[in-house]
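> One file is attached below, run01.txt, containing compact mmCIF, C-alpha atoms.
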```
# COMPACT_ATOMS: atom_id res chain seq x y z
CA MET A 1 -9.57 -8.78 13.78
CA LYS A 2 -10.24 -12.31 12.51
CA ARG A 3 -7.55 -14.77 11.44
CA ALA A 4 -7.31 -16.39 8.01
CA PRO A 5 -5.10 -19.46 7.42
CA VAL A 6 -3.48 -18.95 3.99
CA ASN A 7 -0.25 -20.18 2.41
CA GLY A 8 0.83 -21.92 5.60
CA ILE A 9 0.54 -18.72 7.65
CA GLU A 10 -2.24 -16.71 9.32
CA LEU A 11 -3.26 -13.18 8.40
CA ASP A 12 -5.24 -10.75 10.54
CA TYR A 13 -8.15 -9.30 8.58
CA GLU A 14 -11.49 -7.58 8.92
CA VAL A 15 -14.43 -6.98 6.60
CA VAL A 16 -16.63 -3.88 6.84
CA GLY A 17 -19.77 -3.11 4.84
CA SER A 18 -21.41 -4.92 1.95
CA GLY A 19 -21.44 -4.72 -1.82
CA GLU A 20 -18.67 -5.30 -4.32
CA PRO A 21 -15.47 -6.33 -2.53
CA LEU A 22 -12.66 -3.79 -2.16
CA LEU A 23 -9.34 -5.16 -0.89
CA LEU A 24 -7.01 -2.66 0.81
CA ILE A 25 -3.31 -3.57 0.92
CA ASN A 26 -1.43 -1.71 3.65
CA SER A 27 1.92 -0.01 3.46
CA VAL A 28 4.50 0.00 6.25
CA LEU A 29 1.88 1.65 8.46
CA ALA A 30 -0.10 -1.51 9.04
CA ASP A 31 -3.36 0.23 9.94
CA GLY A 32 -2.92 3.17 7.61
CA PHE A 33 -6.17 2.48 5.78
CA LEU A 34 -8.34 2.87 8.89
CA PRO A 35 -9.28 6.49 8.01
CA LEU A 36 -10.58 5.30 4.63
CA VAL A 37 -12.59 2.45 6.10
CA SER A 38 -14.60 4.97 8.10
CA GLN A 39 -15.59 6.96 5.00
CA ALA A 40 -19.24 6.32 4.20
CA VAL A 41 -18.74 6.70 0.45
CA LEU A 42 -16.76 3.46 0.60
CA ALA A 43 -17.99 1.62 3.70
CA ASP A 44 -21.69 2.09 2.83
CA ARG A 45 -21.29 0.85 -0.74
CA TYR A 46 -18.51 -1.73 -0.73
CA GLN A 47 -17.43 -4.79 1.18
CA VAL A 48 -14.15 -3.32 2.39
CA ILE A 49 -11.49 -5.89 3.27
CA ARG A 50 -8.32 -4.85 5.04
CA TYR A 51 -5.62 -7.07 6.50
CA HIS A 52 -2.14 -7.09 7.97
CA ARG A 53 0.39 -8.53 5.57
CA ARG A 54 2.72 -11.26 6.84
CA GLY A 55 5.24 -9.80 9.25
CA TRP A 56 3.03 -6.91 10.37
CA VAL A 57 1.29 -6.63 13.76
CA GLY A 58 -0.38 -9.96 14.58
CA SER A 59 -0.06 -11.71 11.23
CA THR A 60 2.48 -14.51 11.05
CA HIS A 61 6.08 -13.37 11.00
CA THR A 62 8.33 -15.38 8.71
CA GLY A 63 12.05 -14.93 8.22
CA PRO A 64 13.60 -13.25 5.19
CA PRO A 65 13.40 -13.24 2.32
CA VAL A 66 9.73 -12.51 1.71
CA SER A 67 9.27 -11.33 -1.87
CA ILE A 68 6.66 -8.98 -3.26
CA ALA A 69 5.36 -11.95 -5.26
CA THR A 70 4.84 -13.85 -1.98
CA HIS A 71 2.79 -10.97 -0.59
CA ALA A 72 0.72 -10.97 -3.78
CA THR A 73 0.13 -14.70 -3.42
CA ASP A 74 -0.98 -14.15 0.17
CA ALA A 75 -3.48 -11.52 -1.00
CA ALA A 76 -4.91 -13.83 -3.66
CA ALA A 77 -5.17 -16.63 -1.10
CA LEU A 78 -6.99 -14.35 1.34
CA LEU A 79 -9.57 -13.49 -1.31
CA GLU A 80 -10.01 -17.20 -2.04
CA HIS A 81 -10.38 -17.93 1.68
CA LEU A 82 -13.12 -15.30 1.88
CA GLY A 83 -14.92 -16.74 -1.13
CA VAL A 84 -14.22 -13.65 -3.23
CA PRO A 85 -13.42 -14.60 -6.85
CA SER A 86 -12.40 -11.04 -7.79
CA ALA A 87 -12.20 -7.67 -6.09
CA HIS A 88 -11.32 -4.06 -6.57
CA VAL A 89 -7.81 -3.70 -5.15
CA ALA A 90 -6.17 -0.62 -3.64
CA GLY A 91 -2.67 -0.32 -2.24
CA HIS A 92 -0.60 2.48 -0.75
CA SER A 93 3.20 2.86 -1.01
CA THR A 94 4.76 -0.60 -0.50
CA GLY A 95 1.22 -2.01 -0.49
CA GLY A 96 0.72 -0.42 -3.91
CA VAL A 97 3.65 -2.45 -5.19
CA VAL A 98 2.00 -5.61 -3.85
CA ALA A 99 -1.27 -4.60 -5.51
CA ALA A 100 0.45 -4.12 -8.87
CA GLN A 101 2.11 -7.53 -8.55
CA LEU A 102 -1.25 -9.11 -7.72
CA ALA A 103 -2.74 -7.62 -10.90
CA LEU A 104 0.13 -9.16 -12.89
CA ASP A 105 0.17 -12.57 -11.21
CA SER A 106 -3.58 -13.06 -10.66
CA PRO A 107 -5.35 -10.81 -13.18
CA GLY A 108 -8.58 -12.73 -12.81
CA SER A 109 -8.83 -11.71 -9.17
CA VAL A 110 -8.50 -7.96 -9.82
CA GLN A 111 -11.45 -5.97 -11.17
CA THR A 112 -9.82 -2.57 -10.88
CA LEU A 113 -6.54 -1.37 -9.41
CA ILE A 114 -6.08 1.77 -7.31
CA LEU A 115 -2.46 2.80 -6.66
CA LEU A 116 -1.84 5.42 -4.00
CA GLU A 117 1.74 6.54 -4.60
CA PRO A 118 3.30 3.06 -4.96
CA LEU A 119 6.91 2.92 -3.76
CA MET A 120 8.43 1.91 -7.10
CA LEU A 121 12.20 2.27 -6.79
CA SER A 122 12.75 1.02 -10.35
CA VAL A 123 12.14 4.53 -11.75
CA PRO A 124 15.32 6.61 -12.33
CA SER A 125 15.13 8.54 -9.05
CA GLY A 126 14.70 5.36 -7.02
CA GLY A 127 18.44 4.97 -6.50
CA ALA A 128 18.66 8.40 -4.90
CA VAL A 129 15.85 7.48 -2.52
CA LEU A 130 17.73 4.35 -1.45
CA GLN A 131 20.71 6.54 -0.63
CA GLN A 132 18.48 8.85 1.40
CA VAL A 133 17.24 5.99 3.58
CA ALA A 134 20.75 4.59 4.21
CA PRO A 135 21.01 6.44 7.56
CA ALA A 136 17.79 4.72 8.63
CA PHE A 137 19.39 1.32 8.08
CA GLU A 138 22.42 2.48 10.06
CA ALA A 139 20.21 3.54 12.97
CA TYR A 140 18.38 0.21 12.82
CA GLY A 141 21.71 -1.61 12.91
CA ARG A 142 22.59 0.29 16.10
CA GLY A 143 19.34 -0.89 17.68
CA ASP A 144 17.69 2.54 17.49
CA HIS A 145 14.38 1.36 16.05
CA GLU A 146 12.43 4.55 16.69
CA GLY A 147 15.20 6.68 15.23
CA ALA A 148 15.36 4.39 12.20
CA TRP A 149 11.63 4.74 11.63
CA GLY A 150 11.90 8.49 11.99
CA LEU A 151 14.64 8.71 9.37
CA PHE A 152 12.76 6.43 7.00
CA LEU A 153 9.39 8.16 7.26
CA SER A 154 11.03 11.58 6.96
CA ALA A 155 12.67 10.43 3.71
CA ALA A 156 9.40 8.93 2.43
CA THR A 157 7.12 11.81 3.37
CA GLY A 158 9.35 14.87 3.28
CA LEU A 159 8.18 15.73 6.81
CA GLY A 160 10.48 16.12 9.79
CA TRP A 161 10.11 13.26 12.24
CA PRO A 162 8.56 15.31 15.10
CA GLU A 163 5.96 16.72 12.69
CA CYS A 164 5.31 13.33 11.11
CA ALA A 165 5.03 11.53 14.47
CA ALA A 166 2.65 14.18 15.82
CA LEU A 167 0.51 13.93 12.69
CA LEU A 168 0.30 10.14 12.93
CA ASP A 169 -0.42 10.18 16.67
CA GLU A 170 -3.29 12.58 16.02
CA LEU A 171 -4.81 10.94 12.96
CA LEU A 172 -3.82 7.32 13.50
CA PRO A 173 -3.35 6.82 17.27
CA GLY A 174 -0.96 4.03 18.21
CA SER A 175 0.56 3.76 14.74
CA VAL A 176 3.99 5.09 15.74
CA ALA A 177 4.34 2.67 18.66
CA GLN A 178 3.24 -0.23 16.43
CA ALA A 179 5.64 0.85 13.69
CA VAL A 180 8.56 0.67 16.12
CA LYS A 181 7.48 -2.85 17.08
CA ASP A 182 7.47 -3.78 13.37
CA ALA A 183 10.98 -2.43 12.72
CA ASP A 184 12.45 -5.89 12.07
CA THR A 185 9.90 -6.46 9.33
CA LEU A 186 10.49 -3.06 7.73
CA PHE A 187 14.27 -3.11 7.67
CA GLY A 188 14.95 -6.84 7.56
CA ILE A 189 12.29 -7.91 5.05
CA GLU A 190 10.14 -5.18 3.49
CA LEU A 191 12.66 -2.66 2.21
CA PRO A 192 15.08 -5.30 0.82
CA ALA A 193 12.15 -6.81 -1.11
CA ILE A 194 11.10 -3.40 -2.44
CA ALA A 195 14.68 -2.69 -3.54
CA GLU A 196 14.72 -5.92 -5.55
CA TRP A 197 11.31 -5.40 -7.18
CA ALA A 198 10.96 -3.69 -10.54
CA LEU A 199 8.13 -2.85 -12.90
CA GLY A 200 9.25 -2.39 -16.49
CA ARG A 201 7.21 -0.84 -19.26
CA ASP A 202 6.36 -4.24 -20.75
CA GLN A 203 5.07 -5.44 -17.40
CA ALA A 204 3.11 -2.24 -16.84
CA ALA A 205 1.56 -2.65 -20.27
CA ALA A 206 0.37 -6.11 -19.20
CA ILE A 207 -1.90 -4.61 -16.51
CA ARG A 208 -5.16 -4.60 -18.46
CA CYS A 209 -7.73 -3.68 -15.85
CA PRO A 210 -8.69 -0.05 -15.22
CA VAL A 211 -6.14 1.68 -12.99
CA LEU A 212 -6.44 4.81 -10.87
CA SER A 213 -3.22 6.55 -9.86
CA VAL A 214 -3.65 8.82 -6.81
CA LEU A 215 -1.04 11.47 -6.04
CA GLY A 216 -0.66 14.04 -3.28
CA ALA A 217 -0.11 17.59 -4.54
CA THR A 218 2.79 18.22 -2.15
CA THR A 219 4.45 14.81 -2.44
CA LEU A 220 8.07 13.97 -3.23
CA PRO A 221 9.52 13.98 -6.78
CA LEU A 222 9.83 10.17 -6.68
CA PHE A 223 6.08 9.70 -6.58
CA VAL A 224 5.50 12.30 -9.29
CA GLU A 225 7.90 10.30 -11.45
CA VAL A 226 6.08 7.07 -10.62
CA ALA A 227 2.75 8.65 -11.59
CA GLU A 228 4.24 9.80 -14.90
CA PHE A 229 5.54 6.28 -15.51
CA LEU A 230 2.11 4.76 -14.87
CA ARG A 231 0.44 7.36 -17.09
CA SER A 232 2.75 6.55 -20.00
CA SER A 233 2.93 2.77 -19.56
CA VAL A 234 -0.37 1.36 -18.28
CA PRO A 235 -3.01 0.98 -21.01
CA ARG A 236 -6.08 2.04 -18.98
CA VAL A 237 -5.08 4.56 -16.36
CA ASP A 238 -6.80 7.58 -14.84
CA ASP A 239 -5.06 9.84 -12.38
CA VAL A 240 -6.10 12.26 -9.70
CA THR A 241 -4.15 14.70 -7.54
CA VAL A 242 -5.35 15.47 -4.02
CA ASP A 243 -4.65 19.02 -2.88
CA GLY A 244 -2.76 19.87 0.28
CA VAL A 245 -1.32 16.43 1.07
CA GLY A 246 1.83 14.41 0.51
CA HIS A 247 2.65 10.72 0.74
CA LEU A 248 0.31 10.18 3.72
CA LEU A 249 -2.52 11.42 1.55
CA HIS A 250 -5.32 9.07 2.66
CA ILE A 251 -4.39 9.54 6.32
CA GLN A 252 -4.12 13.32 6.09
CA SER A 253 -7.22 13.82 3.98
CA PRO A 254 -9.31 10.64 3.70
CA GLN A 255 -12.52 12.23 2.44
CA PRO A 256 -11.28 13.45 -0.98
CA VAL A 257 -9.23 10.30 -1.45
CA ALA A 258 -12.24 8.11 -0.71
CA GLY A 259 -14.37 10.28 -3.00
CA ALA A 260 -11.90 9.91 -5.87
CA MET A 261 -11.77 6.17 -5.33
CA ALA A 262 -15.57 5.87 -5.28
CA GLU A 263 -15.95 7.97 -8.43
CA PHE A 264 -13.41 5.78 -10.23
CA LEU A 265 -15.10 2.58 -9.08
CA ASP A 266 -18.52 3.87 -10.11
CA SER A 267 -17.26 4.64 -13.59
CA ASN A 268 -15.80 1.17 -14.21
CA SER A 269 -18.15 -1.74 -14.65
CA PRO A 270 -17.40 -4.92 -12.70
CA GLY A 271 -15.19 -7.53 -14.28
CA PRO A 272 -11.73 -9.00 -13.73
CA CYS A 273 -8.66 -7.96 -15.69
CA PRO A 274 -8.87 -9.50 -19.20
```
Go through the file and emit its structure as structure tokens.


Amino acid sequence: MKRAPVNGIELDYEVVGSGEPLLLINSVLADGFLPLVSQAVLADRYQVIRYHRRGWVGSTHTGPPVSIATHATDAAALLEHLGVPSAHVAGHSTGGVVAAQLALDSPGSVQTLILLEPLMLSVPSGGAVLQQVAPAFEAYGRGDHEGAWGLFLSAATGLGWPECAALLDELLPGSVAQAVKDADTLFGIELPAIAEWALGRDQAAAIRCPVLSVLGATTLPLFVEVAEFLRSSVPRVDDVTVDGVGHLLHIQSPQPVAGAMAEFLDSNSPGPCP
């Protein structure tokens, strides 16, 4: 990957394909979008930009706190560094939260917004999810980084850790080992920032660009609730449900996810959020 100096830090990034720019904002699985990048329906028609957010893999690690707004500023600065005045923006899970914040803070840089199950803990069931991941923080505090990741991903995906780890090792080789290396970022920076972030109905109503909400058919109730919130609060929102997958939807089944994204992008003419 190349390195981009932005906001006093450096971000790893790569650009694949040509056409209208499509920025992918990763979740806690730093390379989780790789299966999508290989889908021709996107890579052959769009300039796909993916990067590692600060604190992940080789991008600059900074101490806490690092807010969601800071990540959004980093994303806007990366687009500016690349000479991209506006882009389609997609984010998964915690990256979806960053994407939503980018649309609020820099609407001129966002043509359309694609949210793949954003981890919005401000919905009513968010508090219960925080309680479910408490054992993961306890394991992290004991120095058991792999166990902490296992507990967290099990809570986020509904899959047992052996099943989840086997799935990731098959579909995204090396991601589990890298996740363990990034444990300090997840538990020391990322999750505290997500817990503090909220999207109210007034803020959601301020997102004026076209939005696509993507949901896995077998996902957790939290993400169903988030999708319902987006449907009732965002002015211009479409939604799609992908059969047979949960929270790792674009990793488990990248082809239908990429197809839904491409169909949405085709149906919305270029132009930044008004």

> Tell me which of A:Gln132, A:Thr70, A:Thr62, A:Asn26 sits closest to Ile49 of chain A, counting all atoms listed in the file.

A:Asn26

> Dump as a tab-separated table the rows for residues of segment 171-239 of chain A within 12 Å of segment 141-163 of chain A: closest atom pair and distance in Å with one decimal, all atoms listed in the file counted, ordered by chain and rising residue number.


```
residue	atom	partner	partner_atom	distance
A:Ser175	CA	A:Trp149	CA	11.5
A:Val176	CA	A:Glu146	CA	8.5
A:Ala177	CA	A:Glu146	CA	8.5
A:Gln178	CA	A:Glu146	CA	10.4
A:Ala179	CA	A:Trp149	CA	7.4
A:Val180	CA	A:Glu146	CA	5.5
A:Lys181	CA	A:His145	CA	8.1
A:Asp182	CA	A:His145	CA	9.0
A:Ala183	CA	A:His145	CA	6.1
A:Asp184	CA	A:His145	CA	8.5
A:Thr185	CA	A:His145	CA	11.2
A:Leu186	CA	A:Trp149	CA	8.8
A:Phe187	CA	A:Ala148	CA	8.8
A:Gly188	CA	A:Gly141	CA	10.1
A:Leu191	CA	A:Phe152	CA	10.3
A:Gly216	CA	A:Thr157	CA	10.5
A:Thr218	CA	A:Gly158	CA	9.2
A:Thr219	CA	A:Thr157	CA	7.1
A:Leu220	CA	A:Gly158	CA	6.7
A:Pro221	CA	A:Gly158	CA	10.1
A:Leu222	CA	A:Ala156	CA	9.2
A:Phe223	CA	A:Ala156	CA	9.6
```

> Just the number, please: distance in Å from atom CA of Ile194 of chain A to atom CA of Tyr13 of chain A, one decimal.

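About the pair atom CA of Ile194 of chain A and atom CA of Tyr13 of chain A: they are 23.0 Å apart.
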
> Just want the 12 Å neighbourhood of Ser86 of chain A, counted on all atoms listed in the file, with same-chain residues fewer than 6 positions away dropped. Output as a list in words.

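The neighbour list is Glu20, Pro21, Leu22, Leu23, Ala75, Ala76, Ala77, Leu78, Leu79, Glu80, Leu102, Ala103, Ser106, Pro107, Gly108, Ser109, Val110, Gln111, Thr112, Leu113, Cys209, Pro270, Gly271, Pro272 and Cys273 of chain A.
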
> Keeping only C-alpha atoms, take the residues you just selected and write them out as a compact mmCIF listing (two decimals), keeping the file's coordinate frame.


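Listing of out_30.txt after writing:
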```
# COMPACT_ATOMS: atom_id res chain seq x y z
CA GLU A 20 -18.67 -5.30 -4.32
CA PRO A 21 -15.47 -6.33 -2.53
CA LEU A 22 -12.66 -3.79 -2.16
CA LEU A 23 -9.34 -5.16 -0.89
CA ALA A 75 -3.48 -11.52 -1.00
CA ALA A 76 -4.91 -13.83 -3.66
CA ALA A 77 -5.17 -16.63 -1.10
CA LEU A 78 -6.99 -14.35 1.34
CA LEU A 79 -9.57 -13.49 -1.31
CA GLU A 80 -10.01 -17.20 -2.04
CA LEU A 102 -1.25 -9.11 -7.72
CA ALA A 103 -2.74 -7.62 -10.90
CA SER A 106 -3.58 -13.06 -10.66
CA PRO A 107 -5.35 -10.81 -13.18
CA GLY A 108 -8.58 -12.73 -12.81
CA SER A 109 -8.83 -11.71 -9.17
CA VAL A 110 -8.50 -7.96 -9.82
CA GLN A 111 -11.45 -5.97 -11.17
CA THR A 112 -9.82 -2.57 -10.88
CA LEU A 113 -6.54 -1.37 -9.41
CA CYS A 209 -7.73 -3.68 -15.85
CA PRO A 270 -17.40 -4.92 -12.70
CA GLY A 271 -15.19 -7.53 -14.28
CA PRO A 272 -11.73 -9.00 -13.73
CA CYS A 273 -8.66 -7.96 -15.69
```

> With a distance cut-off of 6 Å and all atoms listed in the file, select the neighbouring residues of Thr241 of chain A, excluding the residue or stretch itself and same-chain residues fewer than 5 positions from it, and output the selection as a list in words.

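In the requested format, the answer is Val214, Leu215, Gly216 and Ala217 of chain A.
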
> Provide an axis-aligned box for all listed atoms of segment 14-24 of chain A, padding each side by 6 Å; report its centre and its edge lengths in Å to one decimal, as lines of an AutoDock Vina configuration file.


```
center_x = -14.2
center_y = -5.1
center_z = 2.3
size_x = 26.4
size_y = 16.9
size_z = 25.2
```

> Of the residues A:Val226, A:Val16, A:Val48, A:Val240, which is the one nearest to Glu263 of chain A, using all atoms listed in the file?

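Counting all atoms listed in the file, the residue closest to Glu263 of chain A is A:Val240.
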
> Find the residue from A:Leu172, A:Val28, A:Leu116, A:Leu167 that sits nearest to His247 of chain A; use all atoms listed in the file when measuring.

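Smallest separation from His247 of chain A among the options: A:Leu116.
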
> Extract, using only C-alpha atoms, all DNA, RNA and protein residues at most 7 Å from segment 57-61 of chain A, discarding same-chain residues fewer than 5 positions from it, and format them as a list in words.

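In the requested form, the answer reads Ile9, Glu10, Leu11, Asp12, His52 and Asp182 of chain A.
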
> Put those residues in a file: C-alpha atoms, as a CSV table (one decimal), in the coordinates of the input.


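The resulting file, part22.csv, is reproduced below:
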```
chain,number,residue,atom,x,y,z
A,9,ILE,CA,0.5,-18.7,7.6
A,10,GLU,CA,-2.2,-16.7,9.3
A,11,LEU,CA,-3.3,-13.2,8.4
A,12,ASP,CA,-5.2,-10.8,10.5
A,52,HIS,CA,-2.1,-7.1,8.0
A,182,ASP,CA,7.5,-3.8,13.4
```

> Excluding Glu225 of chain A and any residue of its chain fewer than 6 positions from it, enumerate the residues within 9 Å of it, using only C-alpha atoms, and give them as a list in words.

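The neighbour list is Val123, Pro124 and Ser125 of chain A.
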
> What does the distance from atom CA of Cys164 of chain A to atom CA of Gly95 of chain A come to in Å, to one decimal?

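If I compute the distance from atom CA of Cys164 of chain A to atom CA of Gly95 of chain A, I get 19.7 Å.
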
> Quick one: of A:Ala69, A:Gly96, A:Arg50, A:Ser253, who's nearest to Val37 of chain A, counting only C-alpha atoms?

A:Arg50

> Pick out the closest residue to Gly174 of chain A from this set: A:Val41, A:Gly17, A:Gly32, A:Ile207. Count all atoms listed in the file.

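Of the candidates, the smallest distance to Gly174 of chain A is held by A:Gly32.
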
> Report the distance between atom CA of Leu171 of chain A and atom CA of Val245 of chain A in Å, rounded to one decimal place.

13.6 Å
